[in-house]
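Asks: One file: work.csv (CSV, C-alpha atoms).
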chain,number,residue,atom,x,y,z
A,314,MET,CA,91.2,-24.7,-212.6
A,315,ALA,CA,90.0,-21.6,-210.8
A,316,PRO,CA,92.4,-20.2,-208.2
A,317,ALA,CA,91.5,-20.5,-204.5
A,318,SER,CA,89.7,-17.5,-203.0
A,319,PRO,CA,91.9,-15.7,-200.5
A,320,ASN,CA,88.8,-14.8,-198.6
A,321,LEU,CA,88.0,-18.4,-197.7
A,322,PRO,CA,89.5,-19.5,-194.4
A,323,ALA,CA,92.1,-22.3,-194.4
A,324,GLN,CA,91.2,-25.4,-192.5
A,325,ALA,CA,93.5,-28.1,-191.0
A,326,ALA,CA,93.4,-31.8,-191.6
A,327,HIS,CA,96.0,-34.6,-191.0
A,328,ALA,CA,97.4,-37.0,-193.5
A,329,TYR,CA,99.6,-40.1,-193.6
A,330,MET,CA,101.8,-41.0,-196.4
A,331,ALA,CA,100.2,-44.0,-198.3
A,332,GLY,CA,103.0,-46.3,-197.2
A,333,ALA,CA,102.0,-45.9,-193.5
A,334,LEU,CA,98.8,-48.0,-194.3
A,335,ARG,CA,99.7,-51.3,-195.9
A,336,VAL,CA,97.8,-54.6,-196.5
A,337,ALA,CA,98.7,-57.0,-193.7
A,338,MET,CA,96.4,-59.8,-195.0
A,339,GLY,CA,94.8,-60.2,-198.4
A,340,ALA,CA,95.3,-60.1,-202.2
A,341,ASN,CA,97.5,-57.1,-202.2
A,342,LEU,CA,99.8,-58.2,-199.4
A,343,GLY,CA,102.3,-55.5,-198.5
A,344,ASP,CA,100.8,-52.8,-200.9
A,345,PRO,CA,100.1,-49.3,-199.5
A,346,ILE,CA,96.7,-47.8,-199.4
A,347,ALA,CA,95.7,-46.5,-202.9
A,348,ALA,CA,93.0,-45.3,-205.2
A,349,THR,CA,89.8,-47.3,-206.0
A,350,ASP,CA,91.2,-49.1,-209.1
A,351,GLU,CA,94.3,-50.4,-207.1
A,352,VAL,CA,92.6,-51.8,-204.0
A,353,VAL,CA,90.7,-55.0,-203.3
A,354,ALA,CA,87.7,-55.3,-201.0
A,355,GLY,CA,88.4,-57.6,-198.1
A,356,ASP,CA,92.1,-56.7,-197.8
A,357,VAL,CA,93.1,-55.9,-194.3
A,358,TYR,CA,95.2,-52.8,-193.6
A,359,ARG,CA,97.3,-51.8,-190.6
A,360,LEU,CA,98.7,-48.4,-189.7
A,361,ASP,CA,102.4,-48.4,-189.0
A,362,PRO,CA,102.8,-47.6,-185.2
A,363,ALA,CA,105.7,-45.3,-186.1
A,364,ALA,CA,103.7,-43.3,-188.6
A,365,VAL,CA,103.2,-39.6,-187.7
A,366,PRO,CA,100.4,-37.7,-189.3
A,367,ARG,CA,101.4,-34.4,-191.0
A,368,ARG,CA,99.2,-31.3,-191.1
A,369,LEU,CA,97.6,-30.1,-194.3
A,370,MET,CA,96.4,-26.5,-194.3
A,371,LEU,CA,93.8,-26.2,-197.1
A,372,ARG,CA,91.7,-23.8,-199.0
A,373,PRO,CA,89.1,-24.9,-201.6
A,374,GLY,CA,90.4,-25.0,-205.2
A,375,ASP,CA,88.0,-25.4,-208.1
A,376,GLY,CA,84.3,-25.6,-207.7
A,377,SER,CA,84.1,-29.4,-208.3
A,378,GLY,CA,85.2,-30.3,-204.8
A,379,ARG,CA,87.9,-32.7,-206.3
A,380,CYS,CA,90.7,-30.2,-205.8
A,381,GLN,CA,91.9,-28.0,-203.0
A,382,THR,CA,94.9,-25.7,-202.6
A,383,LEU,CA,97.4,-25.7,-199.8
A,384,ALA,CA,97.6,-22.7,-197.5
A,385,ALA,CA,100.4,-21.3,-195.3
A,386,GLY,CA,101.4,-23.6,-192.4
A,387,THR,CA,101.0,-26.9,-194.3
A,388,GLU,CA,103.6,-29.6,-193.4
A,389,ILE,CA,103.1,-31.3,-196.8
A,390,GLY,CA,104.1,-29.3,-199.9
A,391,ARG,CA,104.0,-25.5,-200.1
A,392,GLU,CA,101.4,-22.8,-200.1
A,393,GLY,CA,99.7,-22.7,-203.4
A,394,ASP,CA,100.2,-26.4,-204.3
A,395,THR,CA,97.1,-28.4,-205.2
A,396,ILE,CA,95.7,-31.5,-203.8
A,397,THR,CA,93.5,-33.8,-205.9
A,398,PHE,CA,91.0,-36.2,-204.4
A,399,LEU,CA,91.4,-39.7,-205.8
A,400,SER,CA,89.0,-42.0,-203.8
A,401,ARG,CA,87.0,-42.4,-200.7
A,402,LEU,CA,87.5,-45.7,-198.8
A,403,THR,CA,85.6,-47.3,-195.9
A,404,LEU,CA,87.4,-49.7,-193.6
A,405,MET,CA,86.0,-51.7,-190.7
A,406,ALA,CA,87.8,-53.0,-187.6
A,407,GLY,CA,87.0,-56.3,-186.0
A,408,ASP,CA,84.8,-54.7,-183.4
A,409,GLY,CA,82.6,-53.0,-186.0
A,410,ASP,CA,84.3,-49.5,-185.8
A,411,ARG,CA,84.3,-47.9,-189.2
A,412,VAL,CA,86.9,-45.6,-190.5
A,413,GLU,CA,86.4,-43.4,-193.6
A,414,LEU,CA,89.4,-41.9,-195.3
A,415,LEU,CA,90.2,-40.0,-198.4
A,416,VAL,CA,93.0,-41.0,-200.8
A,417,ILE,CA,94.5,-37.8,-202.2
A,418,ARG,CA,97.5,-36.8,-204.4
A,419,HIS,CA,99.9,-33.9,-203.8
A,420,ASP,CA,100.1,-32.8,-207.4
A,421,ALA,CA,103.5,-31.2,-207.3
A,422,SER,CA,105.3,-34.3,-206.0
A,423,GLY,CA,102.9,-37.0,-207.1
A,424,ALA,CA,102.8,-38.3,-203.5
A,425,VAL,CA,99.7,-40.2,-202.5
A,426,LEU,CA,98.4,-39.7,-199.0
A,427,ALA,CA,95.5,-41.0,-196.8
A,428,VAL,CA,93.4,-38.5,-194.8
A,429,PRO,CA,91.3,-40.2,-192.1
A,430,LEU,CA,87.9,-38.7,-191.6
A,431,SER,CA,87.4,-40.5,-188.3
A,432,PRO,CA,89.9,-41.9,-185.9
A,433,ILE,CA,92.3,-44.6,-187.0
A,434,ALA,CA,94.6,-46.5,-184.6
A,435,ALA,CA,97.8,-48.4,-185.0
A,436,ARG,CA,98.0,-52.2,-184.3
A,437,VAL,CA,94.3,-52.6,-185.4
A,438,ASP,CA,93.3,-54.6,-188.4
A,439,TYR,CA,90.9,-52.7,-190.8
A,440,ALA,CA,89.2,-54.6,-193.6
A,441,LEU,CA,88.4,-52.6,-196.7
A,442,ILE,CA,84.6,-52.8,-197.3
A,443,GLU,CA,83.9,-50.0,-199.8
A,444,ALA,CA,85.9,-47.9,-202.3
A,445,GLU,CA,84.4,-45.0,-204.2
A,446,ALA,CA,86.1,-43.1,-207.0
A,447,ASP,CA,83.5,-40.3,-206.9
A,448,VAL,CA,84.1,-38.3,-203.8
A,449,GLY,CA,81.7,-35.6,-205.0
A,450,ALA,CA,82.1,-32.3,-203.2
A,451,HIS,CA,83.4,-33.8,-200.0
A,452,ARG,CA,85.9,-31.7,-198.2
A,453,VAL,CA,89.1,-32.8,-196.5
A,454,ALA,CA,88.0,-30.5,-193.7
A,455,ASP,CA,85.4,-33.1,-192.6
A,456,ILE,CA,87.5,-34.1,-189.6
A,457,VAL,CA,86.6,-35.4,-186.2
A,458,CYS,CA,85.5,-32.9,-183.6
A,459,ILE,CA,83.8,-34.5,-180.6
A,460,SER,CA,82.0,-31.7,-178.9
A,461,PHE,CA,78.9,-30.3,-177.4
A,462,ALA,CA,77.6,-26.9,-178.4
A,463,SER,CA,77.4,-24.1,-175.8
A,464,GLY,CA,74.2,-24.1,-173.8
A,465,THR,CA,74.2,-27.9,-173.5
A,466,LEU,CA,73.0,-29.0,-170.1
A,467,ILE,CA,75.3,-31.6,-168.5
A,468,THR,CA,74.1,-33.7,-165.6
A,469,LEU,CA,75.9,-33.5,-162.2
A,470,PRO,CA,75.7,-36.1,-159.4
A,471,GLY,CA,72.3,-35.7,-157.8
A,472,GLY,CA,70.6,-34.9,-161.1
A,473,ARG,CA,71.2,-31.1,-161.3
A,474,GLN,CA,72.0,-29.9,-164.8
A,475,VAL,CA,74.5,-27.1,-165.6
A,476,ALA,CA,75.3,-25.4,-169.0
A,477,ILE,CA,78.6,-26.8,-170.3
A,478,GLU,CA,80.2,-23.3,-170.6
A,479,ARG,CA,79.8,-22.9,-166.8
A,480,LEU,CA,81.7,-26.0,-166.0
A,481,VAL,CA,85.4,-25.9,-164.8
A,482,PRO,CA,88.0,-28.5,-164.4
A,483,GLY,CA,87.5,-30.4,-161.1
A,484,ASP,CA,83.7,-30.3,-161.3
A,485,LEU,CA,82.1,-33.7,-160.7
A,486,ILE,CA,80.0,-35.0,-163.5
A,487,LEU,CA,77.7,-38.0,-163.4
A,488,THR,CA,79.0,-40.9,-165.6
A,489,ARG,CA,77.1,-43.9,-166.6
A,490,ASP,CA,79.7,-46.5,-165.5
A,491,HIS,CA,81.9,-44.9,-162.8
A,492,GLY,CA,79.6,-42.6,-160.9
A,493,PRO,CA,80.7,-39.0,-160.1
A,494,GLN,CA,84.0,-38.2,-162.0
A,495,PRO,CA,86.0,-35.0,-162.0
A,496,ILE,CA,86.5,-33.1,-165.3
A,497,ARG,CA,90.3,-33.1,-166.1
A,498,TRP,CA,90.2,-30.7,-169.0
A,499,ILE,CA,87.7,-28.6,-171.0
A,500,GLY,CA,88.4,-27.6,-174.6
A,501,LYS,CA,86.7,-24.9,-176.6
A,502,ALA,CA,86.8,-24.3,-180.3
A,503,THR,CA,84.8,-21.6,-182.2
A,504,LEU,CA,84.1,-22.8,-185.8
A,505,ARG,CA,82.0,-21.6,-188.7
A,506,ALA,CA,78.8,-23.6,-188.6
A,507,LYS,CA,79.0,-24.7,-192.3
A,508,GLY,CA,79.4,-28.0,-194.0
A,509,SER,CA,81.4,-30.5,-192.0
A,510,PHE,CA,81.3,-28.3,-188.9
A,511,ALA,CA,77.6,-27.5,-189.0
A,512,PRO,CA,76.1,-29.0,-185.8
A,513,VAL,CA,73.5,-31.8,-185.5
A,514,VAL,CA,70.4,-30.8,-183.7
A,515,ILE,CA,68.6,-33.7,-182.0
A,516,ALA,CA,65.1,-32.4,-181.4
A,517,ALA,CA,63.5,-32.5,-178.0
A,518,GLY,CA,61.8,-35.9,-177.5
A,519,MET,CA,63.7,-37.8,-180.2
A,520,LEU,CA,65.7,-39.7,-177.6
A,521,GLY,CA,63.8,-38.9,-174.5
A,522,ASN,CA,65.5,-35.5,-174.2
A,523,ASP,CA,63.4,-32.6,-172.8
A,524,SER,CA,65.3,-30.0,-174.9
A,525,ASP,CA,67.2,-30.0,-178.1
A,526,LEU,CA,70.7,-31.5,-178.0
A,527,VAL,CA,73.3,-29.7,-180.3
A,528,VAL,CA,76.5,-31.6,-181.0
A,529,SER,CA,79.2,-31.8,-183.6
A,530,PRO,CA,78.5,-34.3,-186.4
A,531,HIS,CA,81.0,-37.0,-185.2
A,532,HIS,CA,80.0,-36.9,-181.6
A,533,ARG,CA,78.8,-40.4,-180.6
A,534,ILE,CA,75.6,-41.0,-178.8
A,535,PHE,CA,75.2,-44.1,-176.6
A,536,ILE,CA,72.3,-46.4,-177.4
A,537,TYR,CA,71.3,-49.4,-175.3
A,538,GLN,CA,69.3,-52.2,-176.9
A,539,ARG,CA,67.0,-54.0,-174.6
A,540,GLY,CA,65.4,-57.4,-175.1
A,541,ALA,CA,66.6,-60.6,-176.6
A,542,THR,CA,66.7,-59.4,-180.2
A,543,ARG,CA,69.8,-57.2,-180.6
A,544,VAL,CA,71.1,-55.9,-183.9
A,545,GLY,CA,74.7,-56.8,-184.2
A,546,GLY,CA,74.6,-59.0,-181.2
A,547,ARG,CA,75.6,-56.2,-178.8
A,548,ALA,CA,73.4,-54.4,-176.3
A,549,GLU,CA,75.6,-51.3,-176.1
A,550,LEU,CA,76.1,-49.2,-179.2
A,551,LEU,CA,77.8,-45.9,-180.1
A,552,VAL,CA,76.5,-43.9,-183.1
A,553,GLN,CA,77.8,-40.7,-184.6
A,554,ALA,CA,75.2,-37.9,-184.5
A,555,LYS,CA,75.5,-37.4,-188.2
A,556,HIS,CA,73.9,-40.9,-188.7
A,557,LEU,CA,70.8,-39.8,-186.7
A,558,VAL,CA,70.0,-37.1,-189.2
A,559,ASP,CA,66.6,-37.7,-190.8
A,560,GLY,CA,65.6,-34.2,-191.8
A,561,THR,CA,62.9,-33.9,-189.3
A,562,ARG,CA,63.7,-35.0,-185.8
A,563,ALA,CA,67.5,-34.7,-186.3
A,564,THR,CA,68.8,-32.0,-188.6
A,565,ARG,CA,72.0,-30.1,-189.6
A,566,ARG,CA,72.0,-26.4,-188.6
A,567,GLU,CA,74.1,-24.2,-190.8
A,568,GLY,CA,74.9,-20.5,-190.4
A,569,GLY,CA,77.0,-18.2,-188.3
A,570,PHE,CA,79.5,-19.7,-185.8
A,571,VAL,CA,79.2,-22.4,-183.1
A,572,ASP,CA,81.1,-22.7,-179.9
A,573,TYR,CA,82.0,-26.4,-179.3
A,574,TYR,CA,83.1,-27.7,-175.9
A,575,SER,CA,85.0,-31.0,-175.2
A,576,LEU,CA,85.2,-32.7,-171.8
A,577,VAL,CA,88.0,-35.0,-170.8
A,578,PHE,CA,88.0,-37.4,-167.8
A,579,ASP,CA,90.6,-39.9,-166.5
A,580,ARG,CA,88.8,-42.4,-168.8
A,581,HIS,CA,86.6,-42.4,-171.8
A,582,GLU,CA,83.2,-41.9,-170.2
A,583,ILE,CA,79.6,-41.9,-171.0
A,584,ILE,CA,77.9,-38.8,-169.6
A,585,TYR,CA,74.5,-37.2,-169.9
A,586,ALA,CA,73.8,-34.2,-172.0
A,587,GLU,CA,70.2,-32.9,-172.1
A,588,GLY,CA,69.5,-36.3,-170.5
A,589,ILE,CA,71.0,-38.2,-173.5
A,590,ALA,CA,73.9,-40.6,-172.9
A,591,ALA,CA,76.8,-39.5,-175.0
A,592,GLU,CA,80.6,-39.8,-174.9
A,593,SER,CA,83.3,-37.7,-173.5
A,594,LEU,CA,86.4,-36.8,-175.7
A,595,MET,CA,88.6,-39.9,-175.9
A,596,VAL,CA,92.2,-39.0,-175.5
A,597,ASN,CA,94.5,-41.0,-177.7
A,598,GLU,CA,96.6,-40.2,-180.8
A,599,ALA,CA,94.0,-41.5,-183.3
A,600,THR,CA,91.4,-39.1,-182.0
A,601,VAL,CA,93.5,-36.1,-181.0
A,602,SER,CA,95.4,-36.1,-184.3
A,603,VAL,CA,92.3,-35.0,-186.1
A,604,LEU,CA,91.1,-32.3,-183.7
A,605,PRO,CA,91.4,-28.7,-184.6
A,606,PRO,CA,95.2,-28.0,-184.3
A,607,GLU,CA,95.0,-25.6,-181.3
A,608,LEU,CA,93.0,-28.1,-179.3
A,609,ALA,CA,95.2,-31.0,-180.3
A,610,GLU,CA,98.3,-29.2,-179.1
A,611,GLU,CA,96.8,-28.4,-175.7
A,612,VAL,CA,95.5,-31.9,-175.2
A,613,ARG,CA,98.9,-33.5,-176.0
A,614,ALA,CA,100.5,-31.1,-173.5
A,615,ARG,CA,98.1,-31.9,-170.7
A,616,PHE,CA,97.8,-35.6,-171.3
A,617,PRO,CA,101.2,-37.1,-172.3
A,618,GLY,CA,100.9,-40.7,-173.5
A,619,LEU,CA,97.4,-40.2,-175.0
A,620,SER,CA,96.4,-43.7,-173.8
A,621,GLN,CA,92.6,-43.8,-173.2
A,622,THR,CA,90.7,-46.6,-174.8
A,623,GLN,CA,87.2,-46.6,-176.2
A,624,HIS,CA,84.2,-47.2,-174.0
A,625,PHE,CA,83.1,-50.8,-174.5
A,626,GLY,CA,80.1,-49.9,-176.8
A,627,THR,CA,80.4,-50.9,-180.5
A,628,GLU,CA,80.3,-48.1,-183.1
A,629,VAL,CA,77.6,-48.5,-185.7
A,630,GLY,CA,76.5,-46.6,-188.8
A,631,ARG,CA,73.2,-45.5,-190.4
A,632,GLU,CA,72.4,-49.0,-191.8
A,633,VAL,CA,72.4,-50.5,-188.4
A,634,LEU,CA,70.1,-47.8,-187.1
A,635,ASP,CA,67.7,-48.6,-189.8
A,636,GLN,CA,67.7,-52.2,-188.7
A,637,ILE,CA,67.1,-51.2,-185.1
A,638,ALA,CA,64.2,-49.0,-186.1
A,639,ALA,CA,62.6,-51.9,-187.9
A,640,LEU,CA,62.5,-53.8,-184.6
A,641,GLY,CA,60.3,-51.2,-182.9
A,642,PRO,CA,60.7,-49.4,-179.6
A,643,ALA,CA,63.2,-51.8,-177.9
A,644,THR,CA,66.1,-49.3,-177.9
A,645,ARG,CA,66.9,-46.3,-175.7
A,646,THR,CA,69.9,-44.2,-174.7
A,647,GLY,CA,71.6,-44.9,-171.5
A,648,ARG,CA,70.4,-47.4,-169.0
How does the structure come out when it is put into structure tokens?
Replies:
Amino acid sequence: MAPASPNLPAQAAHAYMAGALRVAMGANLGDPIAATDEVVAGDVYRLDPAAVPRRLMLRPGDGSGRCQTLAAGTEIGREGDTITFLSRLTLMAGDGDRVELLVIRHDASGAVLAVPLSPIAARVDYALIEAEADVGAHRVADIVCISFASGTLITLPGGRQVAIERLVPGDLILTRDHGPQPIRWIGKATLRAKGSFAPVVIAAGMLGNDSDLVVSPHHRIFIYQRGATRVGGRAELLVQAKHLVDGTRATRREGGFVDYYSLVFDRHEIIYAEGIAAESLMVNEATVSVLPPELAEEVRARFPGLSQTQHFGTEVGREVLDQIAALGPATRTGR
């Protein structure tokens, strides 16, 4: 295995010990989360409410993408230890919310860990729907960052739009469900626009937007299905921007750096960015634990309890979007 390059920046992710996620119902009752050949589709997992995620600081290892090296500041292992990717699992909650996670091994100790790639919450049942042994060149650094890029126009009460970087806490923002609401906190992170952190560009006109909307890949867009025929039986859907990517109207933009801004309100809100309905940052442990570390620490300090719940829209993936598209123009963002 080739050594990690000291010139590559370390990136943070959060991991749970495998025993923190156990089968609550199913064939492997009581067993911890594990690699592909040890799990059974349909088993239902629950996260231990007492489980605390631990920080991994990583640099790429060999060129295959299956191995990475720990960097200074890691809370698991020591700098220079290697992590091996074992499997990629997809779980689904009862409300349709999907969670992808990587099962990895800390090679020095043999410990198996789970790294969520999207938020996972305690006291929620997650059914295993897919297990892949081939994780390809996927990086643990593909973590959640729910943010708008600088320059994004946010709608204020009355319809005026202001660039997100000009907003300050206390400014009133138009929300879909609760009218004008004050911003409680604004987070900013500057990241290299590469791989997992390369923003998604939703081209002008794709969702009725006058200008391009640039967001982080996991940022969820709000879609409302009109009419009697509704995919999934729900009118209100949330979809991660990465699932909208089609190579033409929605693309990934790599190169240089990107300034990402997150907005926090008293509740998880649907706001309007470039005229498109999209979510604010939801403040709870499942979401905040996978933010960039400096943002996570500030959010925890400002919002003790981390108790916000998801907007009532149901999260869907790419396959549901394809079904919606097949029905024709009966869907739009917002309402």
Asks: Would you kindly return, as a VMD selection string, each protein, DNA or RNA residue with an atom no farther than 8 Å from any atom of stretch 476-492 of chain A, considering only C-alpha atoms and excluding same-chain residues fewer than 2 positions away?
Replies: chain A and resid 461 463 to 470 474 494 to 499 574 582 to 585 590 647 to 648
Asks: Atom CA of A:Ala364 to atom CA of A:Glu351: how many Å, to one decimal?
Replies: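 Going from atom CA of A:Ala364 over to atom CA of A:Glu351, I get 21.9 Å.
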Asks: Expressed in Å to a single decimal, how great is the separation between atom CA of A:Arg613 and atom CA of A:Met595?
Replies: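 A separation of 12.1 Å between them.
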Asks: Could you check which residues have any atom within 12 Å of (96.7, -43.3, -208.1), counting only C-alpha atoms with coordinates taken straight from the file, and then list them as a ChimeraX atom specification?
Replies: /A:331,345-352,397-400,416-420,423-427,446
Asks: Which distance in Å separates atom CA of A:Ala462 and atom CA of A:Gln553, to one decimal?
Replies: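 Computing the Euclidean distance for atom CA of A:Ala462 and atom CA of A:Gln553 yields 15.1 Å.
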Asks: Restricting the calculation to only C-alpha atoms, which member of A:Ala326, A:Leu334, A:Val514, A:Val475 is positioned closest to A:Ala384?
Replies: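 Among A:Ala326, A:Leu334, A:Val514, A:Val475, it is A:Ala326 that comes nearest to A:Ala384.
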Asks: Which of these residues is nearest to A:Glu592, using all atoms listed in the file: A:Val558, A:Met370, A:Val571, A:Ile534?
Replies: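 Under the stated criterion, the closest residue is A:Ile534.
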Asks: So, with only C-alpha atoms as the atoms that count, which of A:Ile396, A:Leu414, A:Leu404, A:Ala586 lies closest to A:Gln381?
Replies: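 Among the listed residues, the smallest separation from A:Gln381 belongs to A:Ile396.
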Asks: Give me the residues within 8 Å of A:Ala440 as a list in words, counting only C-alpha atoms and dropping any in the same chain fewer than 2 places off.
Replies: Ala354, Gly355, Asp356, Val357, Tyr358, Leu404, Met405, Ala406, Asp438 and Ile442 of chain A
Asks: Taking into account all atoms listed in the file, which residue in the set A:Ala328, A:Gly386, A:Ala517, A:Arg505 is nearest to A:Pro429?
Replies: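 Nearest to A:Pro429: A:Ala328.
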Asks: Compile the contact shell of stretch 360-362 of chain A as a ChimeraX atom specification: residues with an atom at most 9 Å away, counting only C-alpha atoms, same-chain residues fewer than 4 positions apart removed.
Replies: /A:332-335,433-439
Asks: Would you export the selected residues with C-alpha atoms as an mmCIF file, in the frame of the given file, please?
Replies:
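Once written, out.cif looks like this:
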data_model
loop_
_atom_site.group_PDB
_atom_site.id
_atom_site.type_symbol
_atom_site.label_atom_id
_atom_site.label_comp_id
_atom_site.auth_asym_id
_atom_site.auth_seq_id
_atom_site.Cartn_x
_atom_site.Cartn_y
_atom_site.Cartn_z
ATOM 1 C CA GLY A 332 103.000 -46.300 -197.200
ATOM 2 C CA ALA A 333 102.000 -45.900 -193.500
ATOM 3 C CA LEU A 334 98.800 -48.000 -194.300
ATOM 4 C CA ARG A 335 99.700 -51.300 -195.900
ATOM 5 C CA ILE A 433 92.300 -44.600 -187.000
ATOM 6 C CA ALA A 434 94.600 -46.500 -184.600
ATOM 7 C CA ALA A 435 97.800 -48.400 -185.000
ATOM 8 C CA ARG A 436 98.000 -52.200 -184.300
ATOM 9 C CA VAL A 437 94.300 -52.600 -185.400
ATOM 10 C CA ASP A 438 93.300 -54.600 -188.400
ATOM 11 C CA TYR A 439 90.900 -52.700 -190.800
#
Asks: Would you mind telling me which residue in A:Leu504, A:Arg411, A:Leu526, A:Ala516 lies nearest to A:Gly560 when using only C-alpha atoms?
Replies: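 Among the listed residues, the smallest separation from A:Gly560 belongs to A:Ala516.
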Asks: Would you please work out which residue, of A:Leu430, A:Val596, A:Leu520, A:Val513, is nearest to A:Pro617 when using all atoms listed in the file?
Replies: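 The answer is A:Val596, which sits nearest to A:Pro617.
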